[in-house]
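Asks: The structure file structure.pdb (PDB, C-alpha atoms and all ligand atoms) is provided below.
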```pdb
MODEL        1
ATOM      1  CA  MET A 347      77.909  82.473 128.927
ATOM      2  CA  SER A 348      75.508  84.601 126.880
ATOM      3  CA  ASP A 349      71.846  85.468 127.369
ATOM      4  CA  ASP A 350      69.032  82.901 126.987
ATOM      5  CA  SER A 351      68.023  84.002 123.483
ATOM      6  CA  GLN A 352      71.436  82.953 122.186
ATOM      7  CA  LEU A 353      71.066  79.503 123.697
ATOM      8  CA  LEU A 354      68.044  78.899 121.457
ATOM      9  CA  LEU A 355      70.175  79.474 118.367
ATOM     10  CA  SER A 356      72.245  76.857 116.688
ATOM     11  CA  ILE A 357      74.969  77.490 114.164
ATOM     12  CA  ALA A 358      76.023  75.064 111.450
ATOM     13  CA  ILE A 359      79.579  75.430 110.199
ATOM     14  CA  LEU A 360      79.928  73.680 106.845
ATOM     15  CA  GLY A 361      83.555  72.635 106.441
ATOM     16  CA  GLY A 362      83.888  73.257 110.181
ATOM     17  CA  THR A 363      86.600  70.580 110.377
ATOM     18  CA  GLY A 364      89.024  73.029 108.748
ATOM     19  CA  LYS A 365      91.197  75.788 110.118
ATOM     20  CA  GLU A 366      88.854  78.782 109.951
ATOM     21  CA  GLY A 367      85.643  76.896 110.739
ATOM     22  CA  LYS A 368      87.071  75.180 113.790
ATOM     23  CA  GLY A 369      88.287  78.496 115.180
ATOM     24  CA  LEU A 370      84.875  80.120 114.736
ATOM     25  CA  ALA A 371      83.199  77.040 116.262
ATOM     26  CA  TYR A 372      85.434  77.337 119.316
ATOM     27  CA  ARG A 373      84.538  80.983 119.870
ATOM     28  CA  TRP A 374      80.781  80.582 119.329
ATOM     29  CA  ALA A 375      80.592  77.475 121.498
ATOM     30  CA  MET A 376      82.395  79.385 124.232
ATOM     31  CA  ALA A 377      79.784  82.167 123.883
ATOM     32  CA  GLY A 378      76.950  79.678 124.525
ATOM     33  CA  TYR A 379      75.735  78.835 121.029
ATOM     34  CA  SER A 380      74.983  75.254 120.066
ATOM     35  CA  VAL A 381      77.419  74.510 117.228
ATOM     36  CA  HIS A 382      76.997  71.773 114.629
ATOM     37  CA  ILE A 383      80.264  71.017 112.839
ATOM     38  CA  GLY A 384      79.593  69.921 109.249
ATOM     39  CA  SER A 385      81.799  67.830 106.990
ATOM     40  CA  ARG A 386      81.551  65.592 103.941
ATOM     41  CA  ASP A 387      82.408  62.815 106.396
ATOM     42  CA  SER A 388      80.422  62.646 109.633
ATOM     43  CA  ALA A 389      83.184  60.711 111.459
ATOM     44  CA  LYS A 390      85.646  63.520 110.659
ATOM     45  CA  ALA A 391      83.139  66.068 111.960
ATOM     46  CA  GLN A 392      82.622  64.079 115.167
ATOM     47  CA  THR A 393      86.383  63.956 115.741
ATOM     48  CA  ALA A 394      86.625  67.754 115.280
ATOM     49  CA  ALA A 395      83.685  68.267 117.663
ATOM     50  CA  LYS A 396      85.325  66.016 120.267
ATOM     51  CA  GLU A 397      88.585  67.994 120.012
ATOM     52  CA  LEU A 398      86.694  71.247 120.538
ATOM     53  CA  MET A 399      84.756  69.848 123.499
ATOM     54  CA  GLU A 400      88.077  68.836 125.077
ATOM     55  CA  LEU A 401      89.511  72.311 124.486
ATOM     56  CA  LEU A 402      86.375  73.794 126.060
ATOM     57  CA  GLU A 403      86.600  71.302 128.945
ATOM     58  CA  GLY A 404      83.109  69.944 128.263
ATOM     59  CA  GLU A 405      81.466  73.294 128.988
ATOM     60  CA  ALA A 406      79.853  73.708 125.560
ATOM     61  CA  LEU A 407      77.444  72.278 123.013
ATOM     62  CA  VAL A 408      79.381  71.089 119.968
ATOM     63  CA  ASP A 409      78.607  68.061 117.824
ATOM     64  CA  GLY A 410      79.654  66.761 114.435
ATOM     65  CA  MET A 411      77.672  65.487 111.437
ATOM     66  CA  THR A 412      77.450  65.766 107.649
ATOM     67  CA  ASN A 413      77.152  69.209 106.072
ATOM     68  CA  ILE A 414      73.570  68.401 105.054
ATOM     69  CA  GLU A 415      72.528  67.357 108.575
ATOM     70  CA  ALA A 416      74.166  70.444 110.058
ATOM     71  CA  ALA A 417      72.369  72.737 107.583
ATOM     72  CA  GLN A 418      69.039  71.029 108.340
ATOM     73  CA  LYS A 419      69.397  71.434 112.103
ATOM     74  CA  SER A 420      70.496  75.069 112.283
ATOM     75  CA  ASN A 421      68.973  78.545 112.072
ATOM     76  CA  ILE A 422      72.282  80.050 111.019
ATOM     77  CA  VAL A 423      74.550  78.384 108.458
ATOM     78  CA  VAL A 424      78.177  79.419 107.995
ATOM     79  CA  LEU A 425      80.335  78.244 105.082
ATOM     80  CA  THR A 426      84.096  77.761 105.541
ATOM     81  CA  VAL A 427      85.380  75.718 102.596
ATOM     82  CA  PRO A 428      88.030  76.453  99.950
ATOM     83  CA  TYR A 429      86.599  78.317  96.953
ATOM     84  CA  SER A 430      87.094  75.218  94.783
ATOM     85  CA  ALA A 431      84.417  73.495  96.936
ATOM     86  CA  HIS A 432      82.102  76.525  97.255
ATOM     87  CA  LYS A 433      79.592  75.836  94.468
ATOM     88  CA  ASP A 434      79.246  72.077  95.087
ATOM     89  CA  THR A 435      78.840  72.523  98.843
ATOM     90  CA  LEU A 436      76.167  75.198  98.328
ATOM     91  CA  GLU A 437      74.278  73.034  95.822
ATOM     92  CA  SER A 438      74.323  70.133  98.293
ATOM     93  CA  VAL A 439      72.626  72.133 101.104
ATOM     94  CA  LYS A 440      70.573  74.617  99.087
ATOM     95  CA  SER A 441      67.192  73.023  99.775
ATOM     96  CA  TYR A 442      67.723  73.218 103.558
ATOM     97  CA  LEU A 443      68.548  76.921 103.732
ATOM     98  CA  LYS A 444      65.245  78.568 102.837
ATOM     99  CA  GLY A 445      64.312  81.304 105.306
ATOM    100  CA  LYS A 446      67.628  80.991 107.142
ATOM    101  CA  LEU A 447      70.613  83.256 107.635
ATOM    102  CA  PHE A 448      73.655  82.189 105.608
ATOM    103  CA  VAL A 449      77.137  83.581 106.286
ATOM    104  CA  ASP A 450      79.842  83.094 103.663
ATOM    105  CA  VAL A 451      83.456  83.163 104.868
ATOM    106  CA  THR A 452      84.825  81.906 101.563
ATOM    107  CA  VAL A 453      87.505  83.860  99.733
ATOM    108  CA  PRO A 454      87.772  83.137  95.994
ATOM    109  CA  LEU A 455      91.518  82.496  96.055
ATOM    110  CA  VAL A 456      93.005  80.998  92.912
ATOM    111  CA  PRO A 457      96.171  79.038  93.789
ATOM    112  CA  PRO A 458      99.044  79.419  93.343
ATOM    113  CA  LYS A 459      98.695  83.236  93.017
ATOM    114  CA  VAL A 460      96.703  83.740  96.220
ATOM    115  CA  SER A 461      98.060  87.238  96.793
ATOM    116  CA  THR A 462      96.498  88.440  93.526
ATOM    117  CA  VAL A 463      92.832  89.443  93.634
ATOM    118  CA  ARG A 464      90.723  87.209  91.347
ATOM    119  CA  MET A 465      86.983  87.608  91.485
ATOM    120  CA  PRO A 466      84.374  85.237  90.038
ATOM    121  CA  ALA A 467      81.952  86.303  87.299
ATOM    122  CA  ALA A 468      79.166  86.898  89.866
ATOM    123  CA  GLY A 469      81.305  89.634  91.456
ATOM    124  CA  SER A 470      82.322  87.812  94.654
ATOM    125  CA  ALA A 471      81.987  84.395  96.257
ATOM    126  CA  ALA A 472      79.161  85.749  98.430
ATOM    127  CA  GLN A 473      77.264  87.094  95.407
ATOM    128  CA  GLU A 474      77.748  83.740  93.739
ATOM    129  CA  ALA A 475      76.248  82.132  96.857
ATOM    130  CA  GLN A 476      73.227  84.425  96.578
ATOM    131  CA  GLN A 477      72.760  83.427  92.924
ATOM    132  CA  ILE A 478      72.901  79.731  93.848
ATOM    133  CA  LEU A 479      70.715  79.964  96.974
ATOM    134  CA  GLY A 480      68.118  82.408  95.634
ATOM    135  CA  GLU A 481      66.177  85.221  97.261
ATOM    136  CA  ASP A 482      64.660  83.056 100.035
ATOM    137  CA  VAL A 483      67.982  83.018 101.877
ATOM    138  CA  GLN A 484      69.461  86.010 103.707
ATOM    139  CA  VAL A 485      73.081  85.987 102.547
ATOM    140  CA  CYS A 486      75.847  87.789 104.424
ATOM    141  CA  ALA A 487      79.623  87.636 104.187
ATOM    142  CA  ALA A 488      82.068  88.096 107.071
ATOM    143  CA  PHE A 489      85.369  87.012 108.653
ATOM    144  CA  GLN A 490      87.219  86.844 105.303
ATOM    145  CA  ASN A 491      90.020  89.023 106.723
ATOM    146  CA  ILE A 492      90.426  87.184 110.057
ATOM    147  CA  SER A 493      93.228  84.629 110.067
ATOM    148  CA  HIS A 494      92.395  81.321 111.729
ATOM    149  CA  GLU A 495      95.503  81.857 113.839
ATOM    150  CA  HIS A 496      93.527  84.362 115.911
ATOM    151  CA  LEU A 497      90.556  82.167 116.624
ATOM    152  CA  LEU A 498      91.378  78.917 118.390
ATOM    153  CA  ASP A 499      92.250  80.473 121.729
ATOM    154  CA  ASP A 500      90.862  83.090 124.106
ATOM    155  CA  SER A 501      93.212  85.942 123.283
ATOM    156  CA  GLU A 502      91.989  89.354 122.210
ATOM    157  CA  VAL A 503      91.977  89.901 118.444
ATOM    158  CA  ALA A 504      93.212  93.285 117.215
ATOM    159  CA  CYS A 505      91.441  92.969 113.849
ATOM    160  CA  ASP A 506      87.933  94.025 112.879
ATOM    161  CA  VAL A 507      85.320  92.233 110.771
ATOM    162  CA  LEU A 508      83.540  93.909 107.858
ATOM    163  CA  VAL A 509      80.021  92.522 107.432
ATOM    164  CA  THR A 510      78.187  92.805 104.122
ATOM    165  CA  GLY A 511      74.796  91.325 103.350
ATOM    166  CA  THR A 512      71.434  91.453 101.679
ATOM    167  CA  SER A 513      69.658  93.469 104.380
ATOM    168  CA  LYS A 514      70.438  95.747 107.300
ATOM    169  CA  GLU A 515      68.645  93.300 109.611
ATOM    170  CA  ALA A 516      70.711  90.339 108.429
ATOM    171  CA  ARG A 517      73.930  92.330 108.809
ATOM    172  CA  ALA A 518      72.888  93.278 112.354
ATOM    173  CA  GLU A 519      72.391  89.577 113.179
ATOM    174  CA  VAL A 520      75.855  88.762 111.855
ATOM    175  CA  ILE A 521      77.412  91.631 113.797
ATOM    176  CA  LYS A 522      75.991  89.959 116.930
ATOM    177  CA  LEU A 523      77.800  86.766 115.900
ATOM    178  CA  VAL A 524      81.016  88.725 115.389
ATOM    179  CA  GLN A 525      80.671  90.211 118.864
ATOM    180  CA  ALA A 526      79.939  86.769 120.331
ATOM    181  CA  ALA A 527      83.237  85.630 118.794
ATOM    182  CA  GLY A 528      84.988  88.436 120.687
ATOM    183  CA  LEU A 529      85.593  90.743 117.711
ATOM    184  CA  ILE A 530      84.289  94.071 116.488
ATOM    185  CA  GLY A 531      81.975  93.907 113.475
ATOM    186  CA  TRP A 532      81.155  96.844 111.179
ATOM    187  CA  ASP A 533      78.160  97.150 108.880
ATOM    188  CA  ALA A 534      79.988  97.399 105.547
ATOM    189  CA  GLY A 535      76.878  97.649 103.401
ATOM    190  CA  PRO A 536      75.217  95.530 100.719
ATOM    191  CA  LEU A 537      76.468  92.183  99.505
ATOM    192  CA  GLU A 538      77.991  93.863  96.414
ATOM    193  CA  ASN A 539      80.587  95.357  98.785
ATOM    194  CA  SER A 540      81.846  91.861  99.619
ATOM    195  CA  VAL A 541      83.961  92.204  96.447
ATOM    196  CA  VAL A 542      86.226  94.595  98.334
ATOM    197  CA  VAL A 543      86.318  92.554 101.544
ATOM    198  CA  GLU A 544      87.091  89.266  99.795
ATOM    199  CA  GLY A 545      89.720  91.005  97.629
ATOM    200  CA  LEU A 546      91.343  92.488 100.712
ATOM    201  CA  THR A 547      92.261  88.984 101.873
ATOM    202  CA  SER A 548      94.648  88.599  98.926
ATOM    203  CA  VAL A 549      96.208  91.946  99.859
ATOM    204  CA  LEU A 550      96.679  90.735 103.456
ATOM    205  CA  ILE A 551      98.212  87.459 102.238
ATOM    206  CA  GLY A 552     100.633  89.535 100.134
ATOM    207  CA  ILE A 553     101.503  91.663 103.177
ATOM    208  CA  ASN A 554     102.140  88.487 105.203
ATOM    209  CA  LYS A 555     104.519  87.234 102.517
ATOM    210  CA  LYS A 556     106.375  90.512 102.115
ATOM    211  CA  TYR A 557     106.717  91.343 105.821
ATOM    212  CA  GLY A 558     107.172  87.848 107.268
ATOM    213  CA  SER A 559     103.911  87.824 109.219
ATOM    214  CA  THR A 560     101.209  85.142 109.285
ATOM    215  CA  HIS A 561      98.060  86.942 110.383
ATOM    216  CA  ALA A 562      97.867  90.525 109.111
ATOM    217  CA  GLY A 563      94.416  92.060 109.554
ATOM    218  CA  ILE A 564      92.539  95.354 109.386
ATOM    219  CA  LYS A 565      91.249  97.803 111.977
ATOM    220  CA  ILE A 566      88.699 100.580 111.342
ATOM    221  CA  THR A 567      89.736 103.918 112.816
ATOM    222  CA  GLY A 568      88.007 107.298 113.022
ATOM    223  CA  ALA A 569      84.508 105.885 113.563
ATOM    224  CA  ASN A 570      82.540 105.267 116.743
ATOM    225  CA  HIS A 571      81.357 101.685 116.860
ATOM    226  CA  SER A 572      78.664 102.372 119.450
ATOM    227  CA  VAL A 573      76.788 104.644 116.994
ATOM    228  CA  ASP A 574      74.317 102.671 114.859
TER     229      ASP A 574
HETATM  230  N1  LIG B 601      92.406  79.850 107.057
HETATM  231  C1  LIG B 601      92.237  81.170 107.273
HETATM  232  O1  LIG B 601      92.988  81.806 108.044
HETATM  233  C2  LIG B 601      91.121  81.894 106.569
HETATM  234  C3  LIG B 601      90.881  83.238 106.896
HETATM  235  C4  LIG B 601      89.815  83.909 106.304
HETATM  236  C5  LIG B 601      89.038  83.254 105.343
HETATM  237  N2  LIG B 601      89.317  81.949 105.020
HETATM  238  C6  LIG B 601      88.494  81.295 104.016
HETATM  239  O2  LIG B 601      87.713  80.335 104.676
HETATM  240  C7  LIG B 601      87.560  79.170 103.848
HETATM  241  C8  LIG B 601      88.071  77.956 104.611
HETATM  242  O3  LIG B 601      89.445  78.126 104.851
HETATM  243  P1  LIG B 601      90.267  77.029 105.687
HETATM  244  O4  LIG B 601      91.649  77.521 105.773
HETATM  245  O5  LIG B 601      89.516  76.663 106.917
HETATM  246  O6  LIG B 601      90.200  75.805 104.657
HETATM  247  P2  LIG B 601      90.634  74.293 104.864
HETATM  248  O7  LIG B 601      91.038  74.060 106.273
HETATM  249  O8  LIG B 601      91.598  73.959 103.769
HETATM  250  O9  LIG B 601      89.279  73.524 104.501
HETATM  251  C9  LIG B 601      88.117  73.663 105.267
HETATM  252  C10 LIG B 601      87.233  72.450 105.065
HETATM  253  O10 LIG B 601      86.690  72.460 103.753
HETATM  254  C11 LIG B 601      86.370  71.126 103.378
HETATM  255  N3  LIG B 601      86.877  70.866 102.030
HETATM  256  C12 LIG B 601      88.151  70.906 101.607
HETATM  257  N4  LIG B 601      88.221  70.565 100.299
HETATM  258  C13 LIG B 601      86.966  70.305  99.919
HETATM  259  C14 LIG B 601      86.387  69.882  98.685
HETATM  260  N5  LIG B 601      87.129  69.704  97.588
HETATM  261  N6  LIG B 601      85.045  69.696  98.645
HETATM  262  C15 LIG B 601      84.286  69.901  99.747
HETATM  263  N7  LIG B 601      84.790  70.286 100.956
HETATM  264  C16 LIG B 601      86.111  70.495 101.021
HETATM  265  C17 LIG B 601      87.076  70.198 104.348
HETATM  266  O11 LIG B 601      86.070  69.634 105.184
HETATM  267  P3  LIG B 601      85.671  68.081 105.139
HETATM  268  O12 LIG B 601      86.834  67.313 104.563
HETATM  269  O13 LIG B 601      85.454  67.794 106.569
HETATM  270  O14 LIG B 601      84.453  68.016 104.300
HETATM  271  C18 LIG B 601      87.979  71.123 105.125
HETATM  272  O15 LIG B 601      88.179  70.712 106.464
HETATM  273  C19 LIG B 601      88.338  79.450 102.566
HETATM  274  O16 LIG B 601      87.471  79.921 101.565
HETATM  275  C20 LIG B 601      89.322  80.531 102.979
HETATM  276  O17 LIG B 601      89.719  81.360 101.912
HETATM  277  C21 LIG B 601      90.326  81.255 105.623
ENDMDL
END
```
Turn this file's structure into structure tokens for me.
Ligand SMILES: NC(=O)c1ccc[n+]([C@@H]2O[C@H](COP(=O)([O-])OP(=O)(O)OC[C@H]3O[C@@H](n4cnc5c(N)ncnc54)[C@H](OP(=O)(O)O)[C@@H]3O)[C@@H](O)[C@H]2O)c1

Replies:
Amino acid sequence: MSDDSQLLLSIAILGGTGKEGKGLAYRWAMAGYSVHIGSRDSAKAQTAAKELMELLEGEALVDGMTNIEAAQKSNIVVLTVPYSAHKDTLESVKSYLKGKLFVDVTVPLVPPKVSTVRMPAAGSAAQEAQQILGEDVQVCAAFQNISHEHLLDDSEVACDVLVTGTSKEARAEVIKLVQAAGLIGWDAGPLENSVVVEGLTSVLIGINKKYGSTHAGIKITGANHSVD
């Protein structure tokens, strides 16, 4: 369990019924955060929350509700939906995010060629989120290179997380979330740099296809993480 300051924080995961969101919810709930699973359908969110509570043997704070309710209730809002749902989901919660920290996990994949990098006109999904949400929201992007296969259990993850975002302070907050999830997070600079991180996911998907793996990731070498 984490320190008391973390217990005061709640995290909304919009689309938290899905593969990536559920894995992140599991890890943050285990670290002592109160997690609100969001969905278009509150019953679906409640079912996902119940499954997580069973996995965590009741020793956690996870509940399920609509995406809008989750965004309203939380200080930190994380988005884990397919890119096709990115804009509509953001528009639906936009008015509840002012002054909050928003973390975009979305990768702008364009099926069926998901191993080819395709970026939106804004530059990246995260930059598009910033355009939609406006300057009152601290926008960061993270976890785009972490396969969900790593997340829904307690094992150590040998992949790092590159964190980009609108301010150094916001990135530092997200790095704390990365650490709470049991991973190493690196300050990868301004939100513009999310172009590279999101694009890298297509490269990793291509590597998975070519080499018969399912969860290729990246690791930063040659730098000392304890130096800030
Ligand atoms: N899966 C991974 O390993 C992985 C790794 C890194 C990054 N990502 C990125 O994380 C995001 C989520 O990935 P995922 O694999 O978790 O996706 P997913 O399981 O396919 O979907 C996540 C959730 O998004 C919601 N959703 C789906 N279609 C929607 C629509 N048309 N409109 C609104 N909501 C919709 C659903 O929630 P409700 O039906 O409950 O509303 C669904 O449970 C993607 O952008 C992906 O690229 C995924």

Asks: With 8 Å as the cut-off and all atoms listed in the file counted, what is the closest atom pair between each nearby residue of chain A and ligand LIG 601 (chain B)? Distances in Å to one decimal, ordered by chain and number, as a tab-separated table.

Replies:
```
residue	atom	partner	partner_atom	distance
A:Leu360	CA	B:LIG601	O10	7.5
A:Gly361	CA	B:LIG601	C10	3.9
A:Gly362	CA	B:LIG601	C10	6.2
A:Thr363	CA	B:LIG601	O15	4.2
A:Gly364	CA	B:LIG601	O7	3.4
A:Lys365	CA	B:LIG601	O5	3.7
A:Glu366	CA	B:LIG601	O5	3.8
A:Gly367	CA	B:LIG601	O5	5.4
A:Lys368	CA	B:LIG601	O5	7.4
A:Gly384	CA	B:LIG601	O13	6.8
A:Ser385	CA	B:LIG601	O13	3.7
A:Arg386	CA	B:LIG601	O14	3.8
A:Asp387	CA	B:LIG601	O13	5.8
A:Ser388	CA	B:LIG601	O13	7.8
A:Lys390	CA	B:LIG601	O13	5.9
A:Ala391	CA	B:LIG601	O13	6.1
A:Asn413	CA	B:LIG601	O14	7.6
A:Leu425	CA	B:LIG601	C7	7.4
A:Thr426	CA	B:LIG601	C8	4.1
A:Val427	CA	B:LIG601	O10	3.7
A:Pro428	CA	B:LIG601	O16	3.9
A:Tyr429	CA	B:LIG601	O16	5.0
A:Ser430	CA	B:LIG601	N5	6.2
A:Ala431	CA	B:LIG601	N6	4.2
A:His432	CA	B:LIG601	C15	7.4
A:Asp434	CA	B:LIG601	C15	7.2
A:Thr435	CA	B:LIG601	C15	6.1
A:Val451	CA	B:LIG601	O2	5.1
A:Thr452	CA	B:LIG601	O16	3.3
A:Val453	CA	B:LIG601	O17	4.0
A:Pro454	CA	B:LIG601	O16	6.4
A:Leu455	CA	B:LIG601	O17	6.2
A:Phe489	CA	B:LIG601	C4	5.9
A:Gln490	CA	B:LIG601	C5	4.0
A:Asn491	CA	B:LIG601	C4	5.1
A:Ile492	CA	B:LIG601	C4	5.0
A:Ser493	CA	B:LIG601	O1	3.5
A:His494	CA	B:LIG601	O1	3.8
A:Glu495	CA	B:LIG601	O1	6.3
A:Thr547	CA	B:LIG601	C4	7.2
A:His561	CA	B:LIG601	O1	7.6
```

Asks: What's around Ala526 of chain A at 7 Å? Count all atoms listed in the file, leave out sequence neighbours fewer than 3 positions away in its own chain, and write the answer as a list in words.

Replies: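 Surrounding residues, per the criterion: Trp374, Ala377, Lys522 and Leu523 of chain A.
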
Asks: Just the selected residues (C-alpha atoms), exported as a CSV table (one decimal), keeping the file's coordinate frame, please.

Replies:
```
chain,number,residue,atom,x,y,z
A,374,TRP,CA,80.8,80.6,119.3
A,377,ALA,CA,79.8,82.2,123.9
A,522,LYS,CA,76.0,90.0,116.9
A,523,LEU,CA,77.8,86.8,115.9
```

Asks: Between atom CA of Glu538 of chain A and atom CA of Val463 of chain A, what is the spacing in Å?

Replies: 15.7 Å

Asks: Let me know the centre plus edge lengths, in Å and rounded to one decimal, of a box with edges along x, y and z that contains all listed atoms of segment 444-447 of chain A and is padded by 5 Å on every side, as AutoDock Vina command-line options.

Replies:
```
--center_x 67.5 --center_y 80.9 --center_z 105.2 --size_x 16.3 --size_y 14.7 --size_z 14.8
```

Asks: Take the PyMOL selection byres (((chain A and resi 356) around 7) and not hetatm), run it mentally on this structure, and tell me the resulting residues as a ChimeraX atom specification.

Replies: /A:354-355,357-358,379-381,420-422

Asks: Would you compute the distance between atom CA of Ile530 of chain A and atom CA of Leu508 of chain A? Give it in Å to one decimal.

Replies: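 The value is 8.7 Å.
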
Asks: Do you have the atom CA of Val460 of chain A-atom CA of Val509 of chain A distance handy?

Replies: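 Separation of atom CA of Val460 of chain A and atom CA of Val509 of chain A: 21.9 Å.
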
Asks: Could you expand the PyMOL selection byres (((chain A and resi 565) around 10) and not hetatm) into the explicit residues it covers here, written as a list in words?

Replies: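 Evaluating the PyMOL selection byres (((chain A and resi 565) around 10) and not hetatm) on these coordinates yields Ala504, Cys505, Asp506, Val507, Leu508, Ile530, Gly563, Ile564, Ile566 and Thr567 of chain A.
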
Asks: Save out the residues we just selected, C-alpha atoms, as a PDB file, in the coordinates of the input.

Replies:
```pdb
ATOM      1  CA  ALA A 504      93.212  93.285 117.215  1.00  0.00           C
ATOM      2  CA  CYS A 505      91.441  92.969 113.849  1.00  0.00           C
ATOM      3  CA  ASP A 506      87.933  94.025 112.879  1.00  0.00           C
ATOM      4  CA  VAL A 507      85.320  92.233 110.771  1.00  0.00           C
ATOM      5  CA  LEU A 508      83.540  93.909 107.858  1.00  0.00           C
ATOM      6  CA  ILE A 530      84.289  94.071 116.488  1.00  0.00           C
ATOM      7  CA  GLY A 563      94.416  92.060 109.554  1.00  0.00           C
ATOM      8  CA  ILE A 564      92.539  95.354 109.386  1.00  0.00           C
ATOM      9  CA  ILE A 566      88.699 100.580 111.342  1.00  0.00           C
ATOM     10  CA  THR A 567      89.736 103.918 112.816  1.00  0.00           C
TER      11      THR A 567
END
```

Asks: Which residues are close to Val408 of chain A, i.e. within 9 Å by all atoms listed in the file, leaving aside same-chain residues fewer than 6 positions away? Reply as a PyMOL selection string.

Replies: chain A and resi 371-372+375+379-383+395-396+398-399

Asks: For the provided coordinates, the residues matched by the PyMOL selection byres (((chain A and resi 475) around 12) and not hetatm) should be stated as number ranges by chain.

Replies: A: 424-425, 429, 431-437, 439-440, 443, 448-454, 466-474, 476-481, 483-487, 511-512, 537-538, 540

Asks: Which one of A:Ser441, A:Gln418, A:Asn570, A:Thr560 sits closest to Ile359 of chain A if you count only C-alpha atoms?

Replies: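 For Ile359 of chain A, the nearest of the candidates is A:Gln418.
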
Asks: Tell me which protein, DNA and RNA residues are within 10 Å of segment 499-501 of chain A, counting all atoms listed in the file, leaving out same-chain ones fewer than 4 positions away, and put them as a PyMOL selection string.

Replies: chain A and resi 369+372-373+376+401-402+495+527-528
